[in-house]
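Heads up, structure.txt below (compact mmCIF, C-alpha atoms):
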```
# COMPACT_ATOMS: atom_id res chain seq x y z
CA ALA A 23 5.07 -13.19 -4.72
CA GLN A 24 5.56 -10.66 -1.98
CA SER A 25 5.68 -11.90 1.57
CA VAL A 26 6.86 -11.17 5.08
CA ALA A 27 8.00 -13.65 7.70
CA GLN A 28 8.10 -13.37 11.46
CA PRO A 29 10.43 -16.11 12.63
CA GLU A 30 9.40 -16.06 16.29
CA ASP A 31 5.96 -17.10 17.48
CA GLN A 32 6.61 -15.55 20.89
CA VAL A 33 9.09 -13.15 22.44
CA ASN A 34 9.48 -12.88 26.19
CA VAL A 35 11.17 -9.90 27.81
CA ALA A 36 11.36 -8.41 31.27
CA GLU A 37 9.85 -5.01 31.90
CA GLY A 38 12.42 -2.27 31.43
CA ASN A 39 14.57 -4.32 29.07
CA PRO A 40 14.88 -3.57 25.36
CA LEU A 41 12.72 -5.60 23.03
CA THR A 42 13.04 -6.70 19.41
CA VAL A 43 10.37 -8.34 17.27
CA LYS A 44 11.79 -9.65 14.02
CA CYS A 45 10.46 -9.38 10.49
CA THR A 46 12.03 -10.28 7.18
CA TYR A 47 10.56 -9.53 3.79
CA SER A 48 10.58 -10.81 0.25
CA VAL A 49 9.54 -7.97 -2.03
CA SER A 50 10.58 -7.01 -5.52
CA GLY A 51 11.84 -3.47 -5.84
CA ASN A 52 11.77 -1.02 -2.97
CA PRO A 53 9.36 -2.17 -0.30
CA TYR A 54 6.83 -0.35 1.79
CA LEU A 55 6.65 -2.01 5.22
CA PHE A 56 4.23 -1.66 8.11
CA TRP A 57 3.92 -2.78 11.72
CA TYR A 58 0.58 -3.28 13.44
CA VAL A 59 -0.30 -4.31 17.01
CA GLN A 60 -3.37 -6.26 18.11
CA TYR A 61 -4.60 -6.28 21.69
CA PRO A 62 -6.97 -9.07 22.83
CA ASN A 63 -10.43 -8.85 21.26
CA ARG A 64 -9.55 -5.67 19.42
CA GLY A 65 -8.71 -4.70 15.88
CA LEU A 66 -5.25 -3.94 14.60
CA GLN A 67 -3.65 -0.63 15.43
CA PHE A 68 -1.10 0.99 13.14
CA LEU A 69 2.33 1.49 14.76
CA LEU A 70 4.64 2.72 12.03
CA LYS A 71 5.61 2.42 8.38
CA TYR A 72 8.68 2.61 6.19
CA ILE A 73 8.22 4.17 2.79
CA THR A 74 11.56 5.71 1.91
CA GLY A 75 14.32 7.79 3.44
CA ASP A 76 15.78 7.31 6.89
CA ASN A 77 16.21 3.63 7.74
CA LEU A 78 15.14 4.21 11.35
CA VAL A 79 11.43 4.87 11.58
CA LYS A 80 9.78 6.11 14.76
CA GLY A 81 6.19 5.29 15.56
CA SER A 82 3.54 5.21 18.25
CA TYR A 83 4.04 4.28 21.92
CA GLY A 84 7.82 4.63 21.75
CA PHE A 85 8.30 1.93 19.12
CA GLU A 86 10.76 2.20 16.27
CA ALA A 87 11.81 -0.05 13.42
CA GLU A 88 14.99 -0.35 11.43
CA PHE A 89 14.88 -1.03 7.70
CA ASN A 90 17.88 -3.07 6.53
CA LYS A 91 17.94 -3.62 2.79
CA SER A 92 20.97 -5.91 2.75
CA GLN A 93 19.39 -8.25 5.31
CA THR A 94 15.84 -7.71 3.97
CA SER A 95 14.67 -7.06 7.50
CA PHE A 96 12.41 -4.60 9.29
CA HIS A 97 12.72 -5.39 12.99
CA LEU A 98 10.52 -3.64 15.53
CA LYS A 99 12.29 -2.29 18.60
CA LYS A 100 11.68 -0.47 21.84
CA PRO A 101 14.40 0.63 24.26
CA SER A 102 12.43 -0.15 27.43
CA ALA A 103 9.50 -2.58 27.44
CA LEU A 104 6.31 -2.05 29.43
CA VAL A 105 3.93 -4.73 30.67
CA SER A 106 1.24 -2.96 28.66
CA ASP A 107 3.21 -3.66 25.46
CA SER A 108 2.17 -7.31 25.76
CA ALA A 109 0.18 -8.01 22.60
CA LEU A 110 0.27 -9.64 19.17
CA TYR A 111 2.46 -7.85 16.63
CA PHE A 112 2.17 -8.12 12.85
CA CYS A 113 4.56 -7.08 10.14
CA ALA A 114 2.88 -6.36 6.80
CA VAL A 115 3.69 -5.35 3.24
CA PRO A 116 1.19 -3.58 1.00
CA LEU A 117 0.98 -4.60 -2.63
CA LYS A 118 1.88 -1.66 -4.85
CA SER A 119 -1.16 -2.31 -6.94
CA ASN A 120 -4.38 -0.41 -7.41
CA THR A 121 -5.58 -1.85 -4.09
CA GLY A 122 -2.72 -1.65 -1.61
CA LYS A 123 -3.97 -4.79 0.09
CA LEU A 124 -1.80 -5.86 3.00
CA ILE A 125 0.07 -9.14 3.17
CA PHE A 126 0.64 -9.99 6.83
CA GLY A 127 3.18 -12.12 8.61
CA GLN A 128 1.92 -14.80 10.96
CA GLY A 129 2.35 -12.61 14.00
CA THR A 130 4.56 -12.60 17.09
CA THR A 131 3.18 -12.62 20.61
CA LEU A 132 5.13 -10.31 22.89
CA GLN A 133 5.02 -11.10 26.61
CA VAL A 134 6.51 -8.49 28.92
CA LYS A 135 6.84 -9.74 32.49
CA PRO A 136 7.07 -7.47 35.52
CA ASP B 2 -12.61 10.90 14.49
CA THR B 3 -14.83 8.02 15.52
CA GLY B 4 -12.72 5.33 13.87
CA VAL B 5 -13.91 2.28 11.97
CA SER B 6 -16.91 0.54 13.51
CA GLN B 7 -18.21 -2.97 12.88
CA ASN B 8 -21.46 -4.64 13.85
CA PRO B 9 -22.18 -7.02 15.31
CA ARG B 10 -19.09 -7.66 17.39
CA HIS B 11 -20.00 -11.30 17.83
CA LYS B 12 -22.23 -13.62 15.84
CA ILE B 13 -23.07 -17.22 16.62
CA THR B 14 -25.00 -19.06 13.96
CA LYS B 15 -25.88 -22.56 12.92
CA ARG B 16 -24.40 -24.17 9.86
CA GLY B 17 -26.43 -23.38 6.77
CA GLN B 18 -27.71 -20.02 7.98
CA ASN B 19 -26.96 -16.70 6.29
CA VAL B 20 -25.18 -13.90 8.14
CA THR B 21 -24.48 -10.26 7.32
CA PHE B 22 -21.86 -7.99 8.83
CA ARG B 23 -21.67 -4.23 8.59
CA CYS B 24 -18.65 -1.92 8.48
CA ASP B 25 -18.73 1.86 8.85
CA PRO B 26 -15.38 3.31 7.74
CA ILE B 27 -13.86 6.60 8.77
CA SER B 28 -16.09 9.13 7.06
CA GLU B 29 -13.61 10.72 4.67
CA HIS B 30 -11.95 7.45 3.61
CA ASN B 31 -12.82 6.23 0.14
CA ARG B 32 -10.90 2.94 0.36
CA LEU B 33 -12.38 -0.01 2.23
CA TYR B 34 -10.99 -3.49 2.81
CA TRP B 35 -12.30 -6.73 4.29
CA TYR B 36 -9.92 -9.27 5.83
CA ARG B 37 -10.42 -12.58 7.59
CA GLN B 38 -8.33 -13.69 10.55
CA THR B 39 -8.27 -17.18 12.01
CA LEU B 40 -6.71 -18.08 15.33
CA GLY B 41 -2.95 -17.87 15.32
CA GLN B 42 -2.75 -16.38 11.84
CA GLY B 43 -2.32 -12.96 10.32
CA PRO B 44 -5.29 -11.38 8.56
CA GLU B 45 -5.91 -12.47 4.97
CA PHE B 46 -7.31 -10.13 2.33
CA LEU B 47 -10.85 -10.79 1.13
CA THR B 48 -11.97 -7.81 -0.93
CA TYR B 49 -11.40 -4.13 -1.69
CA PHE B 50 -13.65 -1.21 -2.54
CA GLN B 51 -12.71 2.17 -3.89
CA ASN B 52 -15.77 4.29 -3.29
CA GLU B 53 -18.66 2.03 -4.36
CA ALA B 54 -16.64 -0.03 -6.85
CA GLN B 55 -15.45 -3.47 -5.80
CA LEU B 56 -12.06 -3.63 -7.50
CA GLU B 57 -10.67 -6.91 -6.21
CA LYS B 58 -11.92 -10.13 -4.70
CA SER B 59 -9.66 -12.80 -3.24
CA ARG B 60 -9.98 -16.42 -4.26
CA LEU B 61 -10.82 -16.94 -0.56
CA LEU B 62 -14.14 -15.26 -1.31
CA SER B 63 -16.19 -18.17 -2.58
CA ASP B 64 -19.53 -17.67 -4.31
CA ARG B 65 -21.19 -17.92 -0.89
CA PHE B 66 -19.61 -14.59 0.05
CA SER B 67 -20.79 -11.25 -1.27
CA ALA B 68 -19.81 -7.73 -0.32
CA GLU B 69 -21.34 -4.40 -1.17
CA ARG B 70 -20.62 -0.75 -0.56
CA PRO B 71 -23.64 1.18 -1.73
CA LYS B 72 -23.03 4.90 -2.22
CA GLY B 73 -19.43 4.46 -1.20
CA SER B 74 -20.12 4.74 2.51
CA PHE B 75 -20.75 1.71 4.74
CA SER B 76 -20.12 -1.81 3.55
CA THR B 77 -21.76 -5.16 4.17
CA LEU B 78 -20.31 -8.64 3.96
CA GLU B 79 -22.80 -11.48 3.59
CA ILE B 80 -22.06 -15.16 3.95
CA GLN B 81 -24.71 -17.53 2.66
CA ARG B 82 -25.10 -21.13 3.80
CA THR B 83 -22.43 -20.78 6.46
CA GLU B 84 -20.01 -23.63 7.09
CA GLN B 85 -17.94 -24.38 10.19
CA GLY B 86 -14.84 -23.38 8.24
CA ASP B 87 -16.21 -19.84 8.01
CA SER B 88 -15.64 -19.37 11.75
CA ALA B 89 -13.15 -16.53 12.03
CA MET B 90 -12.72 -12.86 12.88
CA TYR B 91 -13.83 -10.64 10.01
CA LEU B 92 -11.97 -7.34 9.98
CA CYS B 93 -12.82 -4.19 8.09
CA ALA B 94 -10.29 -1.45 7.37
CA SER B 95 -10.39 1.90 5.62
CA SER B 96 -7.78 4.27 4.31
CA SER B 97 -7.52 7.71 2.84
CA GLY B 98 -7.42 8.29 -0.89
CA THR B 99 -4.95 11.16 -0.67
CA SER B 100 -2.01 9.08 -1.92
CA GLY B 101 -1.43 5.77 -3.66
CA PRO B 102 -3.22 2.89 -1.93
CA ALA B 103 -0.02 1.19 -0.78
CA TYR B 104 1.26 4.38 0.83
CA ASN B 105 -1.50 5.13 3.32
CA GLU B 106 -1.95 3.12 6.48
CA GLN B 107 -5.17 1.22 6.91
CA PHE B 108 -7.28 1.79 10.00
CA PHE B 109 -8.97 -1.33 11.31
CA GLY B 110 -12.26 -1.84 13.07
CA PRO B 111 -12.62 -4.11 16.12
CA GLY B 112 -13.84 -7.00 13.97
CA THR B 113 -16.83 -9.33 13.97
CA ARG B 114 -16.15 -12.73 15.47
CA LEU B 115 -18.22 -15.39 13.70
CA THR B 116 -18.80 -18.80 15.24
CA VAL B 117 -20.58 -21.38 13.12
CA LEU B 118 -21.96 -24.31 15.11
```
Target format structure tokens, applied to this file:
Amino acid sequence: AQSVAQPEDQVNVAEGNPLTVKCTYSVSGNPYLFWYVQYPNRGLQFLLKYITGDNLVKGSYGFEAEFNKSQTSFHLKKPSALVSDSALYFCAVPLKSNTGKLIFGQGTTLQVKP
Amino acid sequence: DTGVSQNPRHKITKRGQNVTFRCDPISEHNRLYWYRQTLGQGPEFLTYFQNEAQLEKSRLLSDRFSAERPKGSFSTLEIQRTEQGDSAMYLCASSSGTSGPAYNEQFFGPGTRLTVL
């Protein structure tokens, strides 16, 4: 069965420092991978996706993610964190079926302190 | 682009009552999903519509749950005889049909938070 794992429940970083939110996947074949962000009392917002091609994917709000096939990882990164980046982040994999339903990780809370 | 909308945003009900939620997807999207999210967890898939056809239902969707998408536009999710375990955030998402379903990102609504007393 396909799955993603986010090994950290929470990541704390100081404003201006680089941030990394980790995700590893277990997918047969070549994976599609997504990152979403959820702000309090709001729905999920799409950040970026990896489908194929360049291993470094750039997305919204200055975020990027690096696909690493040998380590089966898709870590989310940002060179300089903002306090407003504080939110809940989800890694997800869509099933390559006739539905494309998303399988989500358990989420990582990012706290950026001033 | 008005995005995905969901109503109501919050619903408090007593155990045993029926509730119905509505989702209005992005107008040109023919794919519609329902997910359920409990505190501290990632969303879990409930059901999927392509146009008006319900193509998949999760085992999480007991016989007390029913979803419809008449005419392939808005969708409703009904829970009959609610139980305290149904308390959760119910999220709706839609996506474009221009490519394979796994390829296109899903756009989520703000969710309906259900509390069953």
Point to revise | Exercise answer, chain B residues close to chain A, 7 Å and only C-alpha atoms, as a list in words | key: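 Here is what falls inside 7 Å: Gln42, Gly43, Pro44, Phe46, Tyr49, Pro102, Ala103, Phe108, Phe109, Gly110, Pro111 and Gly112 of chain B.
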Practice item. Please write as a list in words the list of polymer residues whose atoms come within 12 Å of (-10.8, -19.6, 1.5), counting all atoms listed in the file and keeping to the coordinates of the file. Key: Tyr36, Arg37, Gln38, Thr39, Glu45, Phe46, Leu47, Lys58, Ser59, Arg60, Leu61, Leu62, Ser63, Asp64, Arg65, Phe66, Glu84, Gly86, Asp87, Ser88 and Ala89 of chain B
Point to revise | Spatial neighbours of A:Asp76, max dist 10 Å, all atoms listed in the file, sep filter under 4 positions, as a ChimeraX atom specification | key: /A:72,80,88-89
Exercise for review: Might you pull out every residue within 8 Å of B:Thr77, with all atoms listed in the file counted and same-chain residues fewer than 5 positions away left off, and present them as a PyMOL selection string?
Suggested key: chain B and resi 21-24+68-70
Check your understanding: Contacts of B:Pro71 at 10 Å or less, counting only C-alpha atoms, minus same-chain residues fewer than 3 places along, as a ChimeraX atom specification?
Key -> /B:52-54,68,74-77
